[in-house]
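Source file entry-v6.tsv; content: TSV, N, CA and C atoms.
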```tsv
chain	number	residue	atom	x	y	z
A	1264	MET	N	37.47	-6.22	9.87
A	1264	MET	CA	38.19	-7.49	9.78
A	1264	MET	C	37.32	-8.47	9.00
A	1265	SER	N	37.91	-9.12	8.04
A	1265	SER	CA	37.16	-10.14	7.31
A	1265	SER	C	37.18	-11.44	8.10
A	1266	SER	N	36.19	-12.29	7.86
A	1266	SER	CA	36.10	-13.55	8.60
A	1266	SER	C	37.27	-14.47	8.29
A	1267	ILE	N	37.89	-14.30	7.13
A	1267	ILE	CA	39.03	-15.14	6.75
A	1267	ILE	C	40.21	-14.92	7.71
A	1268	ASP	N	40.36	-13.70	8.25
A	1268	ASP	CA	41.46	-13.40	9.18
A	1268	ASP	C	41.44	-14.32	10.40
A	1269	THR	N	40.27	-14.71	10.84
A	1269	THR	CA	40.15	-15.51	12.06
A	1269	THR	C	40.54	-16.97	11.84
A	1270	THR	N	40.60	-17.42	10.58
A	1270	THR	CA	40.92	-18.83	10.32
A	1270	THR	C	42.37	-19.04	9.91
A	1271	LEU	N	43.15	-17.98	9.80
A	1271	LEU	CA	44.53	-18.12	9.37
A	1271	LEU	C	45.44	-18.52	10.52
A	1272	GLY	N	46.40	-19.37	10.20
A	1272	GLY	CA	47.42	-19.74	11.18
A	1272	GLY	C	48.66	-18.90	10.95
A	1273	ASP	N	49.80	-19.44	11.36
A	1273	ASP	CA	51.05	-18.69	11.19
A	1273	ASP	C	51.74	-19.01	9.86
A	1274	ARG	N	51.18	-19.92	9.05
A	1274	ARG	CA	51.74	-20.28	7.74
A	1274	ARG	C	50.63	-20.30	6.70
A	1275	LEU	N	51.00	-19.94	5.47
A	1275	LEU	CA	50.04	-19.86	4.39
A	1275	LEU	C	50.73	-20.18	3.07
A	1276	THR	N	50.18	-21.12	2.31
A	1276	THR	CA	50.75	-21.44	1.00
A	1276	THR	C	50.17	-20.48	-0.04
A	1277	LEU	N	50.76	-20.48	-1.23
A	1277	LEU	CA	50.24	-19.63	-2.30
A	1277	LEU	C	48.79	-19.99	-2.64
A	1278	LYS	N	48.48	-21.27	-2.65
A	1278	LYS	CA	47.11	-21.70	-2.96
A	1278	LYS	C	46.15	-21.19	-1.88
A	1279	GLN	N	46.53	-21.34	-0.62
A	1279	GLN	CA	45.70	-20.85	0.47
A	1279	GLN	C	45.56	-19.33	0.42
A	1280	LEU	N	46.65	-18.65	0.04
A	1280	LEU	CA	46.61	-17.20	-0.09
A	1280	LEU	C	45.63	-16.78	-1.17
A	1281	SER	N	45.67	-17.47	-2.31
A	1281	SER	CA	44.76	-17.16	-3.40
A	1281	SER	C	43.30	-17.29	-2.97
A	1282	ILE	N	43.00	-18.36	-2.26
A	1282	ILE	CA	41.63	-18.58	-1.76
A	1282	ILE	C	41.25	-17.51	-0.75
A	1283	ALA	N	42.17	-17.20	0.15
A	1283	ALA	CA	41.89	-16.18	1.17
A	1283	ALA	C	41.64	-14.82	0.52
A	1284	LEU	N	42.43	-14.45	-0.48
A	1284	LEU	CA	42.24	-13.17	-1.17
A	1284	LEU	C	40.88	-13.12	-1.86
A	1285	GLN	N	40.45	-14.23	-2.42
A	1285	GLN	CA	39.14	-14.29	-3.07
A	1285	GLN	C	37.99	-14.16	-2.07
A	1286	ASN	N	38.29	-14.44	-0.81
A	1286	ASN	CA	37.28	-14.38	0.25
A	1286	ASN	C	37.42	-13.15	1.14
A	1287	GLY	N	38.10	-12.13	0.65
A	1287	GLY	CA	38.15	-10.86	1.37
A	1287	GLY	C	39.38	-10.58	2.20
A	1288	PHE	N	40.36	-11.45	2.17
A	1288	PHE	CA	41.61	-11.22	2.92
A	1288	PHE	C	42.32	-10.01	2.34
A	1289	SER	N	42.65	-9.05	3.17
A	1289	SER	CA	43.29	-7.82	2.71
A	1289	SER	C	44.43	-7.47	3.67
A	1290	PRO	N	45.57	-8.15	3.54
A	1290	PRO	CA	46.67	-7.97	4.48
A	1290	PRO	C	47.59	-6.81	4.12
A	1291	ILE	N	48.41	-6.44	5.06
A	1291	ILE	CA	49.58	-5.61	4.77
A	1291	ILE	C	50.69	-6.59	4.44
A	1292	VAL	N	51.29	-6.46	3.27
A	1292	VAL	CA	52.31	-7.40	2.82
A	1292	VAL	C	53.68	-6.85	3.18
A	1293	GLU	N	54.46	-7.64	3.92
A	1293	GLU	CA	55.83	-7.28	4.27
A	1293	GLU	C	56.78	-8.18	3.50
A	1294	VAL	N	57.75	-7.58	2.85
A	1294	VAL	CA	58.82	-8.31	2.19
A	1294	VAL	C	60.09	-7.99	2.98
A	1295	GLU	N	60.61	-9.00	3.70
A	1295	GLU	CA	61.79	-8.77	4.53
A	1295	GLU	C	63.05	-9.19	3.79
A	1296	SER	N	63.98	-8.26	3.69
A	1296	SER	CA	65.27	-8.54	3.06
A	1296	SER	C	66.24	-9.04	4.12
A	1297	MET	N	66.87	-10.17	3.80
A	1297	MET	CA	67.85	-10.75	4.72
A	1297	MET	C	69.13	-10.99	3.94
A	1298	ASP	N	69.86	-9.92	3.62
A	1298	ASP	CA	71.12	-10.00	2.88
A	1298	ASP	C	70.99	-10.76	1.57
A	1299	GLY	N	70.03	-10.36	0.73
A	1299	GLY	CA	69.89	-10.94	-0.59
A	1299	GLY	C	68.88	-12.05	-0.71
A	1300	ILE	N	68.31	-12.47	0.39
A	1300	ILE	CA	67.23	-13.46	0.39
A	1300	ILE	C	66.02	-12.76	0.98
A	1301	TYR	N	64.86	-13.00	0.40
A	1301	TYR	CA	63.65	-12.31	0.81
A	1301	TYR	C	62.60	-13.29	1.32
A	1302	LYS	N	61.87	-12.84	2.33
A	1302	LYS	CA	60.80	-13.64	2.93
A	1302	LYS	C	59.55	-12.76	2.94
A	1303	VAL	N	58.37	-13.37	2.77
A	1303	VAL	CA	57.12	-12.62	2.71
A	1303	VAL	C	56.26	-12.94	3.94
A	1304	ARG	N	55.74	-11.88	4.54
A	1304	ARG	CA	54.83	-12.01	5.69
A	1304	ARG	C	53.56	-11.22	5.41
A	1305	PHE	N	52.47	-11.68	5.96
A	1305	PHE	CA	51.19	-10.98	5.82
A	1305	PHE	C	50.73	-10.56	7.21
A	1306	HIS	N	50.56	-9.27	7.40
A	1306	HIS	CA	50.08	-8.72	8.67
A	1306	HIS	C	48.58	-8.50	8.53
A	1307	HIS	N	47.82	-9.01	9.48
A	1307	HIS	CA	46.37	-8.91	9.43
A	1307	HIS	C	45.82	-8.75	10.84
A	1308	ALA	N	44.50	-8.68	10.94
A	1308	ALA	CA	43.85	-8.39	12.22
A	1308	ALA	C	44.22	-9.35	13.34
A	1309	ASN	N	44.49	-10.60	13.02
A	1309	ASN	CA	44.77	-11.59	14.07
A	1309	ASN	C	46.23	-11.98	14.16
A	1310	GLY	N	47.13	-11.21	13.58
A	1310	GLY	CA	48.54	-11.52	13.73
A	1310	GLY	C	49.33	-11.45	12.44
A	1311	VAL	N	50.33	-12.29	12.37
A	1311	VAL	CA	51.25	-12.32	11.23
A	1311	VAL	C	51.31	-13.74	10.69
A	1312	THR	N	51.27	-13.86	9.37
A	1312	THR	CA	51.31	-15.16	8.71
A	1312	THR	C	52.43	-15.16	7.69
A	1313	ASP	N	53.28	-16.19	7.72
A	1313	ASP	CA	54.39	-16.32	6.77
A	1313	ASP	C	53.94	-17.05	5.52
A	1314	LEU	N	54.44	-16.63	4.36
A	1314	LEU	CA	54.22	-17.36	3.12
A	1314	LEU	C	55.12	-18.58	3.14
A	1315	CYS	N	54.54	-19.77	2.93
A	1315	CYS	CA	55.29	-21.03	3.01
A	1315	CYS	C	55.06	-21.88	1.78
A	1316	ASN	N	55.95	-22.86	1.61
A	1316	ASN	CA	55.76	-23.82	0.51
A	1316	ASN	C	54.80	-24.92	0.97
A	1317	ASP	N	54.56	-25.88	0.09
A	1317	ASP	CA	53.61	-26.96	0.41
A	1317	ASP	C	54.05	-27.84	1.57
A	1318	LYS	N	55.34	-27.81	1.91
A	1318	LYS	CA	55.85	-28.62	3.02
A	1318	LYS	C	55.84	-27.85	4.34
A	1319	GLY	N	55.38	-26.60	4.32
A	1319	GLY	CA	55.30	-25.81	5.55
A	1319	GLY	C	56.55	-25.02	5.89
A	1320	HIS	N	57.54	-25.02	4.99
A	1320	HIS	CA	58.76	-24.26	5.22
A	1320	HIS	C	58.61	-22.86	4.64
A	1321	ALA	N	59.17	-21.88	5.30
A	1321	ALA	CA	59.07	-20.49	4.82
A	1321	ALA	C	59.60	-20.38	3.40
A	1322	SER	N	58.80	-19.75	2.54
A	1322	SER	CA	59.24	-19.53	1.16
A	1322	SER	C	60.26	-18.41	1.14
A	1323	THR	N	61.34	-18.62	0.39
A	1323	THR	CA	62.35	-17.58	0.23
A	1323	THR	C	62.50	-17.27	-1.25
A	1324	PHE	N	62.87	-16.05	-1.53
A	1324	PHE	CA	63.02	-15.57	-2.88
A	1324	PHE	C	64.39	-14.92	-3.03
A	1325	LEU	N	64.93	-14.95	-4.23
A	1325	LEU	CA	66.26	-14.37	-4.48
A	1325	LEU	C	66.19	-12.95	-5.02
A	1326	GLY	N	64.99	-12.43	-5.21
A	1326	GLY	CA	64.85	-11.07	-5.69
A	1326	GLY	C	63.43	-10.58	-5.56
A	1327	THR	N	63.26	-9.26	-5.54
A	1327	THR	CA	61.93	-8.69	-5.40
A	1327	THR	C	61.12	-8.84	-6.68
A	1328	GLY	N	61.77	-9.01	-7.83
A	1328	GLY	CA	61.06	-9.23	-9.08
A	1328	GLY	C	60.27	-10.52	-9.05
A	1329	GLU	N	60.86	-11.54	-8.48
A	1329	GLU	CA	60.17	-12.84	-8.34
A	1329	GLU	C	58.94	-12.70	-7.44
A	1330	ILE	N	59.08	-11.92	-6.38
A	1330	ILE	CA	57.96	-11.69	-5.48
A	1330	ILE	C	56.88	-10.87	-6.18
A	1331	ARG	N	57.30	-9.83	-6.91
A	1331	ARG	CA	56.36	-9.00	-7.66
A	1331	ARG	C	55.53	-9.85	-8.61
A	1332	ASP	N	56.19	-10.72	-9.37
A	1332	ASP	CA	55.48	-11.57	-10.32
A	1332	ASP	C	54.52	-12.52	-9.62
A	1333	THR	N	54.96	-13.13	-8.55
A	1333	THR	CA	54.15	-14.11	-7.83
A	1333	THR	C	52.93	-13.47	-7.17
A	1334	LEU	N	53.14	-12.39	-6.43
A	1334	LEU	CA	52.03	-11.77	-5.69
A	1334	LEU	C	51.16	-10.91	-6.60
A	1335	GLY	N	51.75	-10.31	-7.62
A	1335	GLY	CA	50.98	-9.50	-8.56
A	1335	GLY	C	49.95	-10.33	-9.30
A	1336	GLN	N	50.31	-11.57	-9.65
A	1336	GLN	CA	49.38	-12.47	-10.34
A	1336	GLN	C	48.16	-12.79	-9.49
A	1337	LEU	N	48.32	-12.71	-8.19
A	1337	LEU	CA	47.21	-13.01	-7.28
A	1337	LEU	C	46.34	-11.79	-7.00
A	1338	GLY	N	46.76	-10.63	-7.51
A	1338	GLY	CA	45.97	-9.42	-7.33
A	1338	GLY	C	46.49	-8.47	-6.27
A	1339	LEU	N	47.56	-8.83	-5.59
A	1339	LEU	CA	48.14	-7.91	-4.61
A	1339	LEU	C	48.89	-6.82	-5.37
A	1340	SER	N	48.78	-5.59	-4.94
A	1340	SER	CA	49.36	-4.50	-5.70
A	1340	SER	C	50.60	-3.87	-5.07
A	1341	HIS	N	50.76	-3.98	-3.76
A	1341	HIS	CA	51.89	-3.32	-3.12
A	1341	HIS	C	52.22	-3.95	-1.76
A	1342	GLY	N	53.39	-3.58	-1.25
A	1342	GLY	CA	53.83	-4.07	0.04
A	1342	GLY	C	54.86	-3.14	0.63
A	1343	VAL	N	55.49	-3.59	1.70
A	1343	VAL	CA	56.51	-2.81	2.39
A	1343	VAL	C	57.78	-3.64	2.48
A	1344	LEU	N	58.88	-3.10	1.97
A	1344	LEU	CA	60.17	-3.77	2.05
A	1344	LEU	C	60.84	-3.37	3.35
A	1345	THR	N	61.16	-4.36	4.18
A	1345	THR	CA	61.86	-4.12	5.44
A	1345	THR	C	63.19	-4.87	5.42
A	1346	PHE	N	64.01	-4.63	6.39
A	1346	PHE	CA	65.33	-5.24	6.44
A	1346	PHE	C	65.52	-5.95	7.77
A	1347	ALA	N	66.19	-7.11	7.72
A	1347	ALA	CA	66.49	-7.85	8.95
A	1347	ALA	C	67.14	-6.88	9.93
A	1348	ASP	N	66.69	-6.90	11.13
A	1348	ASP	CA	67.07	-5.89	12.11
A	1348	ASP	C	68.52	-5.98	12.56
A	1349	GLN	N	69.23	-4.90	12.41
A	1349	GLN	CA	70.54	-4.74	13.00
A	1349	GLN	C	70.47	-3.45	13.80
A	1350	CYS	N	70.70	-3.56	15.09
A	1350	CYS	CA	70.45	-2.39	15.94
A	1350	CYS	C	71.69	-1.84	16.62
A	1351	GLY	N	72.84	-2.33	16.30
A	1351	GLY	CA	74.04	-1.81	16.91
A	1351	GLY	C	75.26	-2.37	16.22
A	1352	ASP	N	76.42	-2.04	16.70
A	1352	ASP	CA	77.65	-2.56	16.13
A	1352	ASP	C	78.45	-3.19	17.25
A	1353	GLU	N	78.31	-4.52	17.35
A	1353	GLU	CA	78.97	-5.23	18.45
A	1353	GLU	C	80.49	-5.18	18.36
A	1354	MET	N	81.03	-4.93	17.16
A	1354	MET	CA	82.50	-4.88	17.00
A	1354	MET	C	83.11	-3.72	17.76
A	1355	ILE	N	82.39	-2.61	17.86
A	1355	ILE	CA	82.94	-1.46	18.56
A	1355	ILE	C	82.13	-1.09	19.79
A	1356	GLY	N	81.18	-1.96	20.14
A	1356	GLY	CA	80.43	-1.76	21.38
A	1356	GLY	C	79.35	-0.70	21.30
A	1357	VAL	N	78.83	-0.41	20.11
A	1357	VAL	CA	77.75	0.56	19.99
A	1357	VAL	C	76.43	-0.16	20.25
A	1358	ALA	N	75.79	0.26	21.30
A	1358	ALA	CA	74.51	-0.34	21.65
A	1358	ALA	C	73.41	0.25	20.78
A	1359	GLY	N	72.33	-0.45	20.67
A	1359	GLY	CA	71.20	0.06	19.90
A	1359	GLY	C	69.91	-0.51	20.43
A	1360	LYS	N	68.82	0.03	19.94
A	1360	LYS	CA	67.50	-0.44	20.33
A	1360	LYS	C	66.86	-1.07	19.09
A	1361	ALA	N	66.46	-2.32	19.21
A	1361	ALA	CA	65.84	-3.01	18.08
A	1361	ALA	C	64.51	-2.35	17.73
A	1362	MET	N	64.25	-2.26	16.43
A	1362	MET	CA	62.97	-1.72	15.98
A	1362	MET	C	61.86	-2.74	16.23
A	1363	THR	N	60.70	-2.24	16.56
A	1363	THR	CA	59.55	-3.12	16.72
A	1363	THR	C	59.01	-3.47	15.33
A	1364	PRO	N	58.23	-4.55	15.22
A	1364	PRO	CA	57.62	-4.86	13.91
A	1364	PRO	C	56.79	-3.71	13.34
A	1365	ASP	N	56.08	-2.99	14.20
A	1365	ASP	CA	55.30	-1.85	13.73
A	1365	ASP	C	56.19	-0.74	13.18
A	1366	GLU	N	57.33	-0.49	13.84
A	1366	GLU	CA	58.27	0.52	13.35
A	1366	GLU	C	58.88	0.09	12.02
A	1367	MET	N	59.19	-1.20	11.88
A	1367	MET	CA	59.75	-1.68	10.62
A	1367	MET	C	58.78	-1.45	9.48
A	1368	LEU	N	57.50	-1.71	9.70
A	1368	LEU	CA	56.49	-1.47	8.66
A	1368	LEU	C	56.31	0.01	8.37
A	1369	ALA	N	56.32	0.81	9.43
A	1369	ALA	CA	56.11	2.26	9.27
A	1369	ALA	C	57.25	2.93	8.51
A	1370	TYR	N	58.48	2.47	8.73
A	1370	TYR	CA	59.63	3.13	8.13
A	1370	TYR	C	60.22	2.35	6.95
A	1371	GLY	N	59.56	1.27	6.54
A	1371	GLY	CA	60.03	0.47	5.41
A	1371	GLY	C	59.82	1.21	4.09
A	1372	THR	N	60.31	0.61	3.03
A	1372	THR	CA	60.19	1.17	1.69
A	1372	THR	C	58.97	0.59	1.00
A	1373	ARG	N	58.12	1.45	0.49
A	1373	ARG	CA	56.92	0.98	-0.22
A	1373	ARG	C	57.34	0.40	-1.56
A	1374	ILE	N	56.82	-0.78	-1.92
A	1374	ILE	CA	57.13	-1.39	-3.20
A	1374	ILE	C	55.85	-1.81	-3.91
A	1375	SER	N	55.92	-1.90	-5.23
A	1375	SER	CA	54.77	-2.26	-6.05
A	1375	SER	C	54.92	-3.65	-6.60
A	1376	PHE	N	53.80	-4.36	-6.76
A	1376	PHE	CA	53.79	-5.70	-7.36
A	1376	PHE	C	53.21	-5.67	-8.76
A	1377	ARG	N	53.04	-4.50	-9.32
A	1377	ARG	CA	52.46	-4.39	-10.67
A	1377	ARG	C	53.37	-3.66	-11.60
```

Spell out the structure here as structure tokens.
Amino acid sequence: MSSIDTTLGDRLTLKQLSIALQNGFSPIVEVESMDGIYKVRFHHANGVTDLCNDKGHASTFLGTGEIRDTLGQLGLSHGVLTFADQCGDEMIGVAGKAMTPDEMLAYGTRISFR
């Protein structure tokens, strides 16, 4: 674990991310798809941190190409594409078990930022 992991909160701007990466931050990058809108999360030793704008609101993207360009410029090379969890079909009463965050990362689609 790098020392930078211990100073991260639950939100991180692009500028803060750039500084953290320069200081040894090496997260697992999750790109969550939510019906055409994407959100970026960083999984690290001390938890999960969302990519946010300067006002502290979660950054959203309209495509993975935009994410590739943004994160690739910072030196990140790959991530995991996951999907907002749907675990059953309430219309016909099919029950389901929600996937855990670890399962979502394990079974997600690997994507490249380069």

*In Å to one decimal, how far is atom CA of Leu1275 of chain A from atom CA of Thr1312 of chain A?*
6.5 Å

*Using DSSP on the backbone coordinates, identify all residues within chain A classified as helix (DSSP H, G or I); present the result as a PyMOL selection string.*
chain A and resi 1266-1270+1277-1285+1327-1336+1364-1370

*Could you give me, as a list of chain:residue names, the residues within 7 Å of Ile1374 of chain A, counting only N, CA and C atoms and dropping anything in the same chain fewer than 6 positions from it?*
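After dropping sequence-adjacent residues, the list is A:Ser1340, A:His1341, A:Gly1342, A:Val1343, A:Leu1344.
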
*Hey, can you check how far atom C of Glu1366 of chain A sits from atom C of Ile1291 of chain A?*
13.0 Å

_So the first atom is atom C of Gly1335 of chain A and the second is atom C of Ser1375 of chain A; what is the distance between them in Å, to one decimal place?_
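That distance, rounded to one decimal, is 8.8 Å.
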
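Closest approach to Leu1368 of chain A among A:Asp1332, A:Asp1313, A:Asp1298, A:Glu1293 is made by A:Glu1293 (distances from only C-alpha atoms).
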
*For Thr1363 of chain A, which residue out of A:Phe1346, A:Phe1376, A:Tyr1301, A:Phe1288 is the nearest one, using only C-alpha atoms?*
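When distances to Thr1363 of chain A are compared using only C-alpha atoms, the smallest one comes from A:Phe1346.
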
*Name the residues of chain A that fall into strand (DSSP E) according to DSSP on the backbone, using the chain letters and numbers of this document, as a PyMOL selection string.*
chain A and resi 1274-1275+1291-1297+1300-1307+1310-1314+1323-1324+1341-1346+1372-1375

Let me have the centre and edge lengths in Å, one decimal, of the box along x, y and z around every listed atom of segment 1313-1327 of chain A with 5 Å of margin on each side, as JSON.
```
{"center_x": 59.8, "center_y": -18.7, "center_z": 0.5, "size_x": 23.0, "size_y": 29.9, "size_z": 24.4}
```

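Summary of the local environment: counting all atoms listed in the file, residues at most 7 Å from Thr1276 of chain A, other than itself and those fewer than 2 positions away along its chain, are A:Arg1274, A:Lys1278, A:Gln1279, A:Leu1280, A:Ser1281, A:Asp1313, A:Leu1314, A:Cys1315, A:Asn1316, A:Asp1317.
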
If you keep N, CA and C atoms, can you produce a file of those selected residues as a PDB file, in the coordinates of the input?
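New file result36.pdb:
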```
ATOM      1  N   ARG A1274      51.180 -19.920   9.050  1.00  0.00           N
ATOM      2  CA  ARG A1274      51.740 -20.280   7.740  1.00  0.00           C
ATOM      3  C   ARG A1274      50.630 -20.300   6.700  1.00  0.00           C
ATOM      4  N   LYS A1278      48.480 -21.270  -2.650  1.00  0.00           N
ATOM      5  CA  LYS A1278      47.110 -21.700  -2.960  1.00  0.00           C
ATOM      6  C   LYS A1278      46.150 -21.190  -1.880  1.00  0.00           C
ATOM      7  N   GLN A1279      46.530 -21.340  -0.620  1.00  0.00           N
ATOM      8  CA  GLN A1279      45.700 -20.850   0.470  1.00  0.00           C
ATOM      9  C   GLN A1279      45.560 -19.330   0.420  1.00  0.00           C
ATOM     10  N   LEU A1280      46.650 -18.650   0.040  1.00  0.00           N
ATOM     11  CA  LEU A1280      46.610 -17.200  -0.090  1.00  0.00           C
ATOM     12  C   LEU A1280      45.630 -16.780  -1.170  1.00  0.00           C
ATOM     13  N   SER A1281      45.670 -17.470  -2.310  1.00  0.00           N
ATOM     14  CA  SER A1281      44.760 -17.160  -3.400  1.00  0.00           C
ATOM     15  C   SER A1281      43.300 -17.290  -2.970  1.00  0.00           C
ATOM     16  N   ASP A1313      53.280 -16.190   7.720  1.00  0.00           N
ATOM     17  CA  ASP A1313      54.390 -16.320   6.770  1.00  0.00           C
ATOM     18  C   ASP A1313      53.940 -17.050   5.520  1.00  0.00           C
ATOM     19  N   LEU A1314      54.440 -16.630   4.360  1.00  0.00           N
ATOM     20  CA  LEU A1314      54.220 -17.360   3.120  1.00  0.00           C
ATOM     21  C   LEU A1314      55.120 -18.580   3.140  1.00  0.00           C
ATOM     22  N   CYS A1315      54.540 -19.770   2.930  1.00  0.00           N
ATOM     23  CA  CYS A1315      55.290 -21.030   3.010  1.00  0.00           C
ATOM     24  C   CYS A1315      55.060 -21.880   1.780  1.00  0.00           C
ATOM     25  N   ASN A1316      55.950 -22.860   1.610  1.00  0.00           N
ATOM     26  CA  ASN A1316      55.760 -23.820   0.510  1.00  0.00           C
ATOM     27  C   ASN A1316      54.800 -24.920   0.970  1.00  0.00           C
ATOM     28  N   ASP A1317      54.560 -25.880   0.090  1.00  0.00           N
ATOM     29  CA  ASP A1317      53.610 -26.960   0.410  1.00  0.00           C
ATOM     30  C   ASP A1317      54.050 -27.840   1.570  1.00  0.00           C
TER      31      ASP A1317
END
```

*Which of these, A:Thr1345, A:Thr1323, A:Ser1289, A:Gln1336, has the shortest distance to Thr1372 of chain A once you count only N, CA and C atoms?*
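Checking each of A:Thr1345, A:Thr1323, A:Ser1289, A:Gln1336 against Thr1372 of chain A, counting only N, CA and C atoms, the winner is A:Thr1345.
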
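Look at Val1311 of chain A: the protein and nucleic acid residues within 10 Å of it, using only C-alpha atoms and passing over chain neighbours fewer than 5 places away, are A:Leu1271, A:Gly1272, A:Asp1273, A:Arg1274, A:Pro1290, A:Ile1291, A:Val1292, A:Glu1293, A:Arg1304, A:Phe1305, A:His1306.
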